[in-house]
Amino acid sequence: MSTITNLGALDDAMQAVAQQALRSLVMVQSGHHGVGAGIIWQRDGLIVTNYHVVSQGRLRVILPDGRELSPGLVAQRPAYDLALLRVEAAELPAAAIADARLLRVGQLVLAVGHPWGQRNMFTMGIISGLGSARTQDDSQVDILRTDARLAPGNSGGPLVSAGGANAGAVIGVNTMLIGGDLGVAIPSHVVSEFVAQAKDSVPFPFGRLKSAVH
């Protein structure tokens with residue numbers, strides 16, 4: 001009986017983590033070029049996603065409540081595959097953010113996104129490595145390696161902690177362009193620094209991509 005009870009508690013806990021992650025997950029549509037994901041980083045309309053998701057031009061963002069909005073581009077950092085968008089909306093359900101520098105190899109994580117256009121899908125894995133990777137501009141960026149499976153449509157979506165005190169909190173932004181293989185995320189502390197540098201910039205309409213943040 002105790003085993004069944006423990007499994008039931010684990011099941012409830014995982015459902016709670018999934019529901020928390022979905023509250024701040026958006027879909028990013030880029031014309032006819034496909035679908036990516038994004039994270040509501042601040043309740044005033046700031047959304048983090050991958051640079052390669054937004055680099056194809058005019059976008060639509062679909063919020064968790066179903067609203068479709070045209071975002072502006074606040075900043076981009078192609079070398080880190082990060083972009084910051086803003087939509088004209090307030091009181092949005094911002095993600096809880098945990099410090100990825102506290103992670104340890106072996107911790108359970110969930111990757112969330114819209115693989116192959118299928119909305120709000122989850123894959124599970126562990127943190128399989130903590131390190132860095134060389135970027136296209138020959139700099140180094142911290143990365144998280146995980147065996148959680150990623151596919152087109154996961155790009156820009158959250159990697160979230162599946163247990164512990166930070167269960168459901170974002171610990172990274174999934175990317176398929178850095179690190180040389182699947183299962184790579186830019187850790188939350190790198191993303192938070194990028195957002196802090198750029199959040200007060202005036203958004204540009206798409207078609208006039210702004211210079212990268214350094």
# chains A, B, ... in the order shown; residues from 1 in each chain; ligands from 1
>>> closest_atom_pairs(of="range 4-74 of chain A", to="range 92-104 of chain A", cutoff="8 Å", atoms="only C-alpha atoms", output="CSV")
residue,atom,partner,partner_atom,distance
A:Ala21,CA,A:Ala95,CA,7.3
A:Arg23,CA,A:Pro93,CA,6.1
A:Ser24,CA,A:Ala95,CA,5.3
A:Ile39,CA,A:Ala95,CA,7.0
A:Ile40,CA,A:Ala94,CA,5.0
A:Trp41,CA,A:Ala94,CA,5.3
A:Gln42,CA,A:Ala94,CA,5.1
A:Arg43,CA,A:Leu92,CA,4.3
A:Asp44,CA,A:Leu92,CA,6.5
A:Gly45,CA,A:Leu92,CA,6.7
>>> write_last_selection(atoms="N, CA and C atoms", output="CSV table (one decimal), in the first residue's frame")
chain,number,residue,atom,x,y,z
A,21,ALA,N,4.2,25.0,-15.2
A,21,ALA,CA,5.0,25.3,-16.4
A,21,ALA,C,4.1,25.9,-17.5
A,23,ARG,N,1.4,27.6,-17.3
A,23,ARG,CA,0.9,28.9,-17.1
A,23,ARG,C,1.7,30.0,-17.8
A,24,SER,N,3.0,29.8,-18.0
A,24,SER,CA,3.8,30.9,-18.6
A,24,SER,C,4.4,30.5,-19.9
A,39,ILE,N,8.7,32.0,-23.1
A,39,ILE,CA,8.4,32.0,-21.7
A,39,ILE,C,8.1,33.4,-21.3
A,40,ILE,N,6.9,33.6,-20.6
A,40,ILE,CA,6.6,34.9,-20.0
A,40,ILE,C,7.6,35.1,-18.9
A,41,TRP,N,8.5,36.0,-19.1
A,41,TRP,CA,9.6,36.2,-18.1
A,41,TRP,C,9.2,37.2,-17.0
A,42,GLN,N,8.4,38.2,-17.5
A,42,GLN,CA,7.9,39.2,-16.6
A,42,GLN,C,6.4,39.5,-16.9
A,43,ARG,N,5.7,39.8,-15.9
A,43,ARG,CA,4.2,40.0,-16.0
A,43,ARG,C,3.8,41.2,-16.9
A,44,ASP,N,4.7,42.1,-17.2
A,44,ASP,CA,4.4,43.3,-18.0
A,44,ASP,C,4.6,43.0,-19.5
A,45,GLY,N,4.7,41.8,-19.9
A,45,GLY,CA,4.7,41.5,-21.3
A,45,GLY,C,6.1,41.0,-21.9
>>> closest_residue(among="A:Leu85, A:Ile47, A:Ile126, A:Val26", to="Leu63 in chain A", atoms="only C-alpha atoms")
A:Val26
>>> residues_around(residues="Glu88 in chain A", least_positions_apart="6", cutoff="10 Å", atoms="only C-alpha atoms", output="list in words")
Asp44, Gly45, Leu46, Leu69, Ser70, Pro71 and Gly72 of chain A
>>> write_last_selection(atoms="all heavy atoms", output="PDB file, in the first residue's frame")
ATOM      1  N   ASP A  44       4.737  42.088 -17.166  1.00  0.00           N
ATOM      2  CA  ASP A  44       4.402  43.264 -17.972  1.00  0.00           C
ATOM      3  C   ASP A  44       4.562  43.022 -19.473  1.00  0.00           C
ATOM      4  O   ASP A  44       4.519  43.968 -20.255  1.00  0.00           O
ATOM      5  CB  ASP A  44       5.263  44.462 -17.551  1.00  0.00           C
ATOM      6  CG  ASP A  44       6.754  44.209 -17.718  1.00  0.00           C
ATOM      7  OD1 ASP A  44       7.143  43.077 -18.081  1.00  0.00           O
ATOM      8  OD2 ASP A  44       7.542  45.146 -17.488  1.00  0.00           O
ATOM      9  N   GLY A  45       4.719  41.755 -19.884  1.00  0.00           N
ATOM     10  CA  GLY A  45       4.724  41.455 -21.312  1.00  0.00           C
ATOM     11  C   GLY A  45       6.051  41.042 -21.901  1.00  0.00           C
ATOM     12  O   GLY A  45       6.147  40.829 -23.112  1.00  0.00           O
ATOM     13  N   LEU A  46       7.095  40.898 -21.084  1.00  0.00           N
ATOM     14  CA  LEU A  46       8.395  40.452 -21.594  1.00  0.00           C
ATOM     15  C   LEU A  46       8.401  38.934 -21.769  1.00  0.00           C
ATOM     16  O   LEU A  46       8.059  38.194 -20.837  1.00  0.00           O
ATOM     17  CB  LEU A  46       9.520  40.870 -20.649  1.00  0.00           C
ATOM     18  CG  LEU A  46       9.944  42.336 -20.696  1.00  0.00           C
ATOM     19  CD1 LEU A  46      11.043  42.596 -19.673  1.00  0.00           C
ATOM     20  CD2 LEU A  46      10.419  42.747 -22.086  1.00  0.00           C
ATOM     21  N   LEU A  69      -1.209  37.958 -30.180  1.00  0.00           N
ATOM     22  CA  LEU A  69      -0.690  39.318 -30.189  1.00  0.00           C
ATOM     23  C   LEU A  69       0.529  39.409 -31.087  1.00  0.00           C
ATOM     24  O   LEU A  69       1.253  38.434 -31.286  1.00  0.00           O
ATOM     25  CB  LEU A  69      -0.317  39.758 -28.772  1.00  0.00           C
ATOM     26  CG  LEU A  69      -1.432  39.730 -27.722  1.00  0.00           C
ATOM     27  CD1 LEU A  69      -0.869  40.048 -26.343  1.00  0.00           C
ATOM     28  CD2 LEU A  69      -2.540  40.703 -28.087  1.00  0.00           C
ATOM     29  N   SER A  70       0.741  40.604 -31.634  1.00  0.00           N
ATOM     30  CA  SER A  70       1.958  40.869 -32.412  1.00  0.00           C
ATOM     31  C   SER A  70       3.010  41.453 -31.486  1.00  0.00           C
ATOM     32  O   SER A  70       2.790  42.529 -30.912  1.00  0.00           O
ATOM     33  CB  SER A  70       1.664  41.858 -33.546  1.00  0.00           C
ATOM     34  OG  SER A  70       0.742  41.309 -34.451  1.00  0.00           O
ATOM     35  N   PRO A  71       4.146  40.775 -31.312  1.00  0.00           N
ATOM     36  CA  PRO A  71       5.173  41.287 -30.390  1.00  0.00           C
ATOM     37  C   PRO A  71       6.117  42.253 -31.077  1.00  0.00           C
ATOM     38  O   PRO A  71       6.233  42.284 -32.307  1.00  0.00           O
ATOM     39  CB  PRO A  71       5.917  40.016 -29.992  1.00  0.00           C
ATOM     40  CG  PRO A  71       5.877  39.188 -31.245  1.00  0.00           C
ATOM     41  CD  PRO A  71       4.528  39.462 -31.868  1.00  0.00           C
ATOM     42  N   GLY A  72       6.801  43.041 -30.278  1.00  0.00           N
ATOM     43  CA  GLY A  72       7.944  43.805 -30.740  1.00  0.00           C
ATOM     44  C   GLY A  72       9.214  43.135 -30.259  1.00  0.00           C
ATOM     45  O   GLY A  72       9.201  42.403 -29.261  1.00  0.00           O
TER      46      GLY A  72
END
>>> residues_around(residues="Ile62 in chain A", least_positions_apart="5", cutoff="10 Å", atoms="only C-alpha atoms", output="list of chain:residue names")
A:Leu25, A:Val26, A:Met27, A:Val28, A:Gln29, A:Ala37, A:Gly38, A:Arg67, A:Glu68, A:Leu69, A:Ser70
>>> write_last_selection(atoms="N, CA, C and O atoms", output="PDB file, in the first residue's frame")
ATOM      1  N   LEU A  25       3.843  29.445 -20.515  1.00  0.00           N
ATOM      2  CA  LEU A  25       4.327  28.989 -21.820  1.00  0.00           C
ATOM      3  C   LEU A  25       3.524  29.630 -22.938  1.00  0.00           C
ATOM      4  O   LEU A  25       2.297  29.614 -22.913  1.00  0.00           O
ATOM      5  N   VAL A  26       4.210  30.196 -23.931  1.00  0.00           N
ATOM      6  CA  VAL A  26       3.536  30.758 -25.095  1.00  0.00           C
ATOM      7  C   VAL A  26       3.970  30.005 -26.351  1.00  0.00           C
ATOM      8  O   VAL A  26       4.984  29.306 -26.360  1.00  0.00           O
ATOM      9  N   MET A  27       3.171  30.170 -27.401  1.00  0.00           N
ATOM     10  CA  MET A  27       3.554  29.675 -28.718  1.00  0.00           C
ATOM     11  C   MET A  27       3.992  30.873 -29.564  1.00  0.00           C
ATOM     12  O   MET A  27       3.344  31.926 -29.527  1.00  0.00           O
ATOM     13  N   VAL A  28       5.082  30.719 -30.290  1.00  0.00           N
ATOM     14  CA  VAL A  28       5.584  31.771 -31.160  1.00  0.00           C
ATOM     15  C   VAL A  28       5.492  31.264 -32.595  1.00  0.00           C
ATOM     16  O   VAL A  28       6.175  30.305 -32.964  1.00  0.00           O
ATOM     17  N   GLN A  29       4.655  31.913 -33.394  1.00  0.00           N
ATOM     18  CA  GLN A  29       4.481  31.536 -34.789  1.00  0.00           C
ATOM     19  C   GLN A  29       5.211  32.530 -35.663  1.00  0.00           C
ATOM     20  O   GLN A  29       5.065  33.739 -35.520  1.00  0.00           O
ATOM     21  N   ALA A  37       8.504  28.087 -29.143  1.00  0.00           N
ATOM     22  CA  ALA A  37       7.918  28.346 -27.827  1.00  0.00           C
ATOM     23  C   ALA A  37       8.568  29.579 -27.218  1.00  0.00           C
ATOM     24  O   ALA A  37       9.581  30.091 -27.711  1.00  0.00           O
ATOM     25  N   GLY A  38       7.979  30.062 -26.160  1.00  0.00           N
ATOM     26  CA  GLY A  38       8.534  31.189 -25.428  1.00  0.00           C
ATOM     27  C   GLY A  38       8.060  31.142 -23.988  1.00  0.00           C
ATOM     28  O   GLY A  38       7.137  30.390 -23.641  1.00  0.00           O
ATOM     29  N   ARG A  67      -5.138  34.383 -26.369  1.00  0.00           N
ATOM     30  CA  ARG A  67      -4.992  35.642 -27.103  1.00  0.00           C
ATOM     31  C   ARG A  67      -3.808  35.577 -28.070  1.00  0.00           C
ATOM     32  O   ARG A  67      -2.759  35.041 -27.721  1.00  0.00           O
ATOM     33  N   GLU A  68      -3.980  36.143 -29.266  1.00  0.00           N
ATOM     34  CA  GLU A  68      -2.915  36.234 -30.256  1.00  0.00           C
ATOM     35  C   GLU A  68      -2.497  37.689 -30.393  1.00  0.00           C
ATOM     36  O   GLU A  68      -3.329  38.550 -30.690  1.00  0.00           O
ATOM     37  N   LEU A  69      -1.209  37.958 -30.180  1.00  0.00           N
ATOM     38  CA  LEU A  69      -0.690  39.318 -30.189  1.00  0.00           C
ATOM     39  C   LEU A  69       0.529  39.409 -31.087  1.00  0.00           C
ATOM     40  O   LEU A  69       1.253  38.434 -31.286  1.00  0.00           O
ATOM     41  N   SER A  70       0.741  40.604 -31.634  1.00  0.00           N
ATOM     42  CA  SER A  70       1.958  40.869 -32.412  1.00  0.00           C
ATOM     43  C   SER A  70       3.010  41.453 -31.486  1.00  0.00           C
ATOM     44  O   SER A  70       2.790  42.529 -30.912  1.00  0.00           O
TER      45      SER A  70
END
>>> residues_around(residues="range 155-162 of chain A", least_positions_apart="4", cutoff="9 Å", atoms="only C-alpha atoms", output="count of residues only")
50
>>> select_by_dssp(residues="range 21-166 of chain A", states="strand (DSSP E or B)", output="ChimeraX atom specification")
/A:25-29,35-42,46-49,60-62,68-69,72-77,82-86,97,108-113,121-134,140-146,158-161
>>> atom_distance(atom1="CA of Val190 in chain A", atom2="CA of Ala79 in chain A")
12.3 Å
>>> closest_residue(among="A:Tyr80, A:Gly8, A:Ala89, A:Val184", to="Gln140 in chain A", atoms="only C-alpha atoms")
A:Tyr80
>>> select_by_dssp(residues="range 32-113 of chain A", states="helix (DSSP H, G or I)", output="list of chain:residue names")
A:Tyr51, A:His52, A:Val53, A:Val54, A:Pro78, A:Ala79, A:Tyr80, A:Ala100, A:Arg101, A:Leu102
>>> closest_residue(among="A:Thr146, A:Gln197, A:Ser139, A:Gln20", to="Gly125 in chain A", atoms="only C-alpha atoms")
A:Thr146
>>> atom_distance(atom1="CA of Ala198 in chain A", atom2="CA of Val54 in chain A")
16.3 Å
>>> decode(residues="range 49-92 of chain A", atoms="N, CA and C atoms", output="CSV table (one decimal), in the first residue's frame")
chain,number,residue,atom,x,y,z
A,49,THR,N,12.6,33.9,-25.8
A,49,THR,CA,12.6,32.8,-26.7
A,49,THR,C,14.0,32.7,-27.3
A,50,ASN,N,14.1,31.8,-28.3
A,50,ASN,CA,15.4,31.7,-29.1
A,50,ASN,C,15.5,32.7,-30.2
A,51,TYR,N,16.7,33.1,-30.4
A,51,TYR,CA,16.9,34.0,-31.6
A,51,TYR,C,16.5,33.4,-32.9
A,52,HIS,N,16.8,32.1,-33.1
A,52,HIS,CA,16.5,31.5,-34.4
A,52,HIS,C,15.0,31.3,-34.6
A,53,VAL,N,14.2,31.4,-33.5
A,53,VAL,CA,12.7,31.3,-33.6
A,53,VAL,C,12.2,32.7,-34.2
A,54,VAL,N,12.8,33.8,-33.9
A,54,VAL,CA,12.3,35.1,-34.3
A,54,VAL,C,13.0,35.6,-35.5
A,55,SER,N,14.1,35.0,-36.0
A,55,SER,CA,14.9,35.6,-37.0
A,55,SER,C,14.3,35.5,-38.4
A,56,GLN,N,13.2,34.8,-38.6
A,56,GLN,CA,12.6,34.7,-39.9
A,56,GLN,C,11.6,35.8,-40.2
A,57,GLY,N,11.4,36.7,-39.3
A,57,GLY,CA,10.5,37.9,-39.6
A,57,GLY,C,9.3,38.0,-38.7
A,58,ARG,N,8.2,38.4,-39.3
A,58,ARG,CA,7.0,38.8,-38.6
A,58,ARG,C,6.4,37.7,-37.8
A,59,LEU,N,6.0,38.0,-36.5
A,59,LEU,CA,5.6,36.9,-35.6
A,59,LEU,C,4.2,37.2,-35.0
A,60,ARG,N,3.7,36.1,-34.5
A,60,ARG,CA,2.5,36.1,-33.7
A,60,ARG,C,2.8,35.3,-32.4
A,61,VAL,N,2.4,35.9,-31.3
A,61,VAL,CA,2.5,35.2,-30.0
A,61,VAL,C,1.1,34.8,-29.5
A,62,ILE,N,1.0,33.5,-29.2
A,62,ILE,CA,-0.3,33.0,-28.6
A,62,ILE,C,-0.1,32.8,-27.1
A,63,LEU,N,-0.8,33.5,-26.3
A,63,LEU,CA,-0.7,33.5,-24.9
A,63,LEU,C,-1.4,32.2,-24.3
A,64,PRO,N,-1.1,31.9,-23.1
A,64,PRO,CA,-1.8,30.7,-22.5
A,64,PRO,C,-3.3,30.8,-22.5
A,65,ASP,N,-3.8,32.1,-22.4
A,65,ASP,CA,-5.3,32.2,-22.4
A,65,ASP,C,-5.9,32.3,-23.8
A,66,GLY,N,-5.1,32.1,-24.9
A,66,GLY,CA,-5.6,32.0,-26.2
A,66,GLY,C,-5.4,33.3,-27.0
A,67,ARG,N,-5.1,34.4,-26.4
A,67,ARG,CA,-5.0,35.6,-27.1
A,67,ARG,C,-3.8,35.6,-28.1
A,68,GLU,N,-4.0,36.1,-29.3
A,68,GLU,CA,-2.9,36.2,-30.3
A,68,GLU,C,-2.5,37.7,-30.4
A,69,LEU,N,-1.2,38.0,-30.2
A,69,LEU,CA,-0.7,39.3,-30.2
A,69,LEU,C,0.5,39.4,-31.1
A,70,SER,N,0.7,40.6,-31.6
A,70,SER,CA,2.0,40.9,-32.4
A,70,SER,C,3.0,41.5,-31.5
A,71,PRO,N,4.1,40.8,-31.3
A,71,PRO,CA,5.2,41.3,-30.4
A,71,PRO,C,6.1,42.3,-31.1
A,72,GLY,N,6.8,43.0,-30.3
A,72,GLY,CA,7.9,43.8,-30.7
A,72,GLY,C,9.2,43.1,-30.3
A,73,LEU,N,10.3,43.4,-31.0
A,73,LEU,CA,11.6,42.8,-30.6
A,73,LEU,C,12.3,43.8,-29.7
A,74,VAL,N,12.6,43.4,-28.5
A,74,VAL,CA,13.3,44.3,-27.5
A,74,VAL,C,14.8,44.1,-27.7
A,75,ALA,N,15.3,42.9,-27.8
A,75,ALA,CA,16.7,42.7,-28.0
A,75,ALA,C,17.0,41.3,-28.5
A,76,GLN,N,18.1,41.0,-29.0
A,76,GLN,CA,18.5,39.7,-29.4
A,76,GLN,C,20.0,39.5,-29.1
A,77,ARG,N,20.4,38.2,-28.9
A,77,ARG,CA,21.8,37.9,-28.8
A,77,ARG,C,22.0,36.6,-29.6
A,78,PRO,N,22.2,36.7,-30.9
A,78,PRO,CA,22.3,35.5,-31.7
A,78,PRO,C,23.3,34.5,-31.2
A,79,ALA,N,24.5,34.9,-30.7
A,79,ALA,CA,25.5,34.0,-30.3
A,79,ALA,C,25.0,33.1,-29.1
A,80,TYR,N,24.1,33.5,-28.3
A,80,TYR,CA,23.5,32.7,-27.2
A,80,TYR,C,22.2,32.2,-27.6
A,81,ASP,N,21.7,32.4,-28.9
A,81,ASP,CA,20.4,32.0,-29.4
A,81,ASP,C,19.3,32.5,-28.5
A,82,LEU,N,19.3,33.8,-28.0
A,82,LEU,CA,18.3,34.4,-27.2
A,82,LEU,C,17.7,35.6,-27.8
A,83,ALA,N,16.4,35.8,-27.6
A,83,ALA,CA,15.7,37.0,-28.1
A,83,ALA,C,14.7,37.3,-27.0
A,84,LEU,N,14.5,38.6,-26.9
A,84,LEU,CA,13.5,39.2,-25.9
A,84,LEU,C,12.4,39.9,-26.6
A,85,LEU,N,11.2,39.5,-26.4
A,85,LEU,CA,10.0,40.1,-27.1
A,85,LEU,C,9.2,40.9,-26.0
A,86,ARG,N,8.4,41.8,-26.5
A,86,ARG,CA,7.4,42.4,-25.6
A,86,ARG,C,6.0,42.4,-26.3
A,87,VAL,N,5.0,42.0,-25.6
A,87,VAL,CA,3.6,42.2,-26.1
A,87,VAL,C,2.9,43.2,-25.2
A,88,GLU,N,1.9,43.8,-25.9
A,88,GLU,CA,1.1,44.9,-25.2
A,88,GLU,C,0.1,44.1,-24.3
A,89,ALA,N,0.5,43.7,-23.1
A,89,ALA,CA,-0.4,43.0,-22.2
A,89,ALA,C,0.1,43.2,-20.8
A,90,ALA,N,-0.7,43.2,-19.8
A,90,ALA,CA,-0.3,43.4,-18.4
A,90,ALA,C,-0.8,42.2,-17.6
A,91,GLU,N,-0.3,42.1,-16.4
A,91,GLU,CA,-0.7,41.1,-15.4
A,91,GLU,C,-0.7,39.7,-16.0
A,92,LEU,N,0.4,39.4,-16.8
A,92,LEU,CA,0.5,38.1,-17.4
A,92,LEU,C,1.1,37.1,-16.3
